[in-house]
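J.: The structure under discussion is supplied below as structure tokens; questions concerning it will follow.
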Amino acid sequence: RNLAQLFSLRDLRNALMGVSVVVGGIGLSGLTLYAHQTGNIRLAGISAGVSLVFVLLILIFVVPPLARNASREASQMNLPFEFTTGGAVMLVLLTVVGFSAWNTGNNLLFLVLSFLMAGMIVGFFAGSICLKRLDVKMRFPETIFAGEPTPILVSVTNRKRIFPSFSVVAEVRGKEHERSIAADELASILPRRLAERLGRAPMIRKTLDHIVYIPRHETVENRSEHIFPNRGRFVIKDFELSTRFPFGFFRHRRRLPARETELIVFPKQIPFFESADDIPLDAGKLVANKRGMGQDLLALRDYQPNDDLRRIDWKATARSRRLTVREFAAEDEKRITVILDTMIPKDEEVSLSLREKISAEQRGKTVVLSERFEEGARIAASILLHFAEEQAELRLVIDGEAGEFGVGRVHLYEMLKLISFAEPNFRKISAEPVTDRLRILNEPDDSHRFFVTANADNGLSPDALERLKIIGF
């Protein structure tokens, strides 16, 4: 069944048509040759005309898919240049003009051919020189959130003594996964070596900046913005500089080594009130039964020397005829527990064929298995970000894995990193509840607890329901 998913009806149709057209073209070529040898001029003319039709069919149905696949494979290889669409058209034009000039001996056609060849040669060497002796540096911010413009500093240094560089595109290449998301399915239907080759995660290319002009012996630094559409990781493998200067016939490229760096893309930020609009502003604040600087009244007492005059309660003073001051209760530190439930109903899993998964990866598109779970990840992250601004003690629980309470930026980023890597767990609605999750939900503690879940039922005790603030997604 999985093997059948590798090939769609369209693939089989194109393959069958391609084979038929090629075999038919070869047969007609043989028929034309036979007609010439036997002197049958009429048969030769008919077969030659039909052969031209088959050539057109080959150009329409066979060449484009092969060209697309070849271009995709070439982008993964470290080739110094590749033909652009304009370059391919120019190559065909050169072939036609050259064949016509050779056939007719027309000097004008030879002159046109020389101009075309000169343009191709000059364009090739000018583009190649443009990328020589260039160095690139890129600086990424400490935090990256999905769906938001990420400021990136791109610095390109031209070390050439004489020539400047023009129209240079700076890109970063890397991987989102070590293995393809379809690797396990491929291993079950293909031989081991072939499955390992096809199961490698493809290199993804992200364009960061286009620098129009870099003078000789100078450095140009630009601030660009790039949007990472989804949460997760992106491991930088190398940099790539490319140019189509001067005529756009070739795309020259040069890959430069980079220190392998893992970029963590946190979930998209959403306003806190969108995810929990009915949560009181003082959620998580625990009032202690002792004197302090809080806002809740603890007691009234007689005035003592050195008391703050602003704490005098004048109404109580008038009633008792003695100076009376207000005492306020202290407030303990806010303690917040965010529990992210990764269980999603099985029938909500995005169903993609093996071919669709591989095709999406090759195009550099992230496969989102559940938009509903992505919403839950955004809600959990927004709660953590909101209470981190209020210096609350935070703890994250994902299913049965409970973290420790902590404060500060480093602790916050560690929790957001865990959410960035979390994956949905698709289960049938009737499946048994997860024991570790129930243990975490039912255990008593002194924190304010937010339970972010797609199914809010399930084995929770009445006490747990009272302690939990359940946020559905």
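Just so we're on the same page: first chain in the structure tokens is A, next is B, and so on; residues restart at 1 for each chain, and ligands are numbered from 1 in the order they show up.
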Which parts of segment 152-280 of chain A does DSSP call helix (DSSP H, G or I) when run on the backbone here, written out as a list in words?

T.: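 These are the residues in question: Ala183, Asp184, Glu185, Leu186, Ala187, Ser188, Ile189, Arg192, Arg193, Leu194, Ala195, Glu196, Arg197, Leu198, Phe272, Phe273, Glu274 and Ser275 of chain A.
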
J.: For the selection you just gave me, I'd like the residues written to a file as a PDB file, in the first residue's frame, keeping C-alpha atoms.

T.:
```pdb
ATOM      1  CA  ALA A 183      11.969   7.567   6.598  1.00  0.00           C
ATOM      2  CA  ASP A 184      10.174   4.856   8.605  1.00  0.00           C
ATOM      3  CA  GLU A 185       7.626   4.233   5.855  1.00  0.00           C
ATOM      4  CA  LEU A 186      10.381   4.077   3.226  1.00  0.00           C
ATOM      5  CA  ALA A 187      12.357   1.588   5.330  1.00  0.00           C
ATOM      6  CA  SER A 188       9.352  -0.735   5.448  1.00  0.00           C
ATOM      7  CA  ILE A 189       8.926  -0.970   1.669  1.00  0.00           C
ATOM      8  CA  ARG A 192      17.904  -0.803   3.240  1.00  0.00           C
ATOM      9  CA  ARG A 193      20.463   1.153   1.210  1.00  0.00           C
ATOM     10  CA  LEU A 194      17.858   2.761  -1.011  1.00  0.00           C
ATOM     11  CA  ALA A 195      15.682   3.577   2.009  1.00  0.00           C
ATOM     12  CA  GLU A 196      18.657   5.195   3.787  1.00  0.00           C
ATOM     13  CA  ARG A 197      19.418   7.318   0.747  1.00  0.00           C
ATOM     14  CA  LEU A 198      15.837   8.441   0.221  1.00  0.00           C
ATOM     15  CA  PHE A 272      -2.595  36.514  26.365  1.00  0.00           C
ATOM     16  CA  PHE A 273      -6.233  37.648  26.529  1.00  0.00           C
ATOM     17  CA  GLU A 274      -7.012  35.659  23.367  1.00  0.00           C
ATOM     18  CA  SER A 275      -6.029  32.407  25.043  1.00  0.00           C
TER      19      SER A 275
END
```

J.: Which residues are close to Ala126 of chain A, i.e. within 12 Å by only C-alpha atoms, leaving aside same-chain residues fewer than 5 positions away? Reply as a PyMOL selection string.

T.: chain A and resi 118-121+131-132+163-167+243-252

J.: Residues within 7 Å of Ile470 of chain A, please, as a ChimeraX atom specification. Count only C-alpha atoms; anything in the same chain fewer than 4 positions from it doesn't count.

T.: /A:450-452

J.: Produce a file of the selected residues containing C-alpha atoms, as a PDB file, in the first residue's frame.

T.:
```pdb
ATOM      1  CA  PHE A 450      -3.403  25.914  33.557  1.00  0.00           C
ATOM      2  CA  PHE A 451      -4.403  22.776  31.679  1.00  0.00           C
ATOM      3  CA  VAL A 452      -4.153  23.318  27.905  1.00  0.00           C
TER       4      VAL A 452
END
```

J.: Applying 10 Å and only C-alpha atoms, which residues near segment 310-314 of chain A remain after dropping the ones on its own chain fewer than 6 positions away? List them as an MDAnalysis selection string.

T.: chainID A and resid 300:303 320:328

J.: Near segment 370-380 of chain A, counting only C-alpha atoms, which residues have an atom at most 10 Å away, once you skip same-chain residues fewer than 5 positions from it, shown as a count of residues only?

T.: 44

J.: Residues within 9 Å of Ser51 of chain A, please, as a VMD selection string. Count only C-alpha atoms; anything in the same chain fewer than 6 positions from it doesn't count.

T.: chain A and resid 24 to 26 28 to 29 32

J.: Produce a file of the selected residues containing N, CA and C atoms, as an mmCIF file, in the first residue's frame.

T.:
```cif
data_model
loop_
_atom_site.group_PDB
_atom_site.id
_atom_site.type_symbol
_atom_site.label_atom_id
_atom_site.label_comp_id
_atom_site.auth_asym_id
_atom_site.auth_seq_id
_atom_site.Cartn_x
_atom_site.Cartn_y
_atom_site.Cartn_z
ATOM 1 N N GLY A 24 7.798 5.450 -29.822
ATOM 2 C CA GLY A 24 7.223 5.815 -31.113
ATOM 3 C C GLY A 24 8.172 6.655 -31.946
ATOM 4 N N GLY A 25 8.856 7.600 -31.283
ATOM 5 C CA GLY A 25 9.822 8.425 -32.008
ATOM 6 C C GLY A 25 10.968 7.611 -32.573
ATOM 7 N N ILE A 26 11.474 6.652 -31.773
ATOM 8 C CA ILE A 26 12.557 5.788 -32.262
ATOM 9 C C ILE A 26 12.070 4.943 -33.436
ATOM 10 N N LEU A 28 9.655 5.665 -35.560
ATOM 11 C CA LEU A 28 9.494 6.514 -36.744
ATOM 12 C C LEU A 28 10.838 6.882 -37.362
ATOM 13 N N SER A 29 11.852 7.068 -36.498
ATOM 14 C CA SER A 29 13.188 7.346 -37.034
ATOM 15 C C SER A 29 13.679 6.171 -37.871
ATOM 16 N N THR A 32 11.783 6.158 -41.135
ATOM 17 C CA THR A 32 12.300 7.182 -42.054
ATOM 18 C C THR A 32 13.586 6.716 -42.721
#
```

J.: Between atom CA of Ile152 of chain A and atom CA of Ser382 of chain A, what is the spacing in Å?

T.: 23.9 Å

J.: Let me make sure I understand: among A:Thr219, A:Pro229, A:Lys175, A:Ile264, which one has the smallest atom-to-atom distance to Met203 of chain A if we use only C-alpha atoms?

T.: A:Lys175

J.: What does the distance between atom CA of Gly232 of chain A and atom CA of Pro151 of chain A come to in Å, to one decimal place?

T.: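 If I compute the distance from atom CA of Gly232 of chain A to atom CA of Pro151 of chain A, I get 18.0 Å.
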
J.: I'd like to know which of A:Glu260, A:Glu176, A:Glu393, A:Glu414 is closest to Phe239 of chain A, using only C-alpha atoms.

T.: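 Answer, going by the shortest atom-to-atom distance: A:Glu260.
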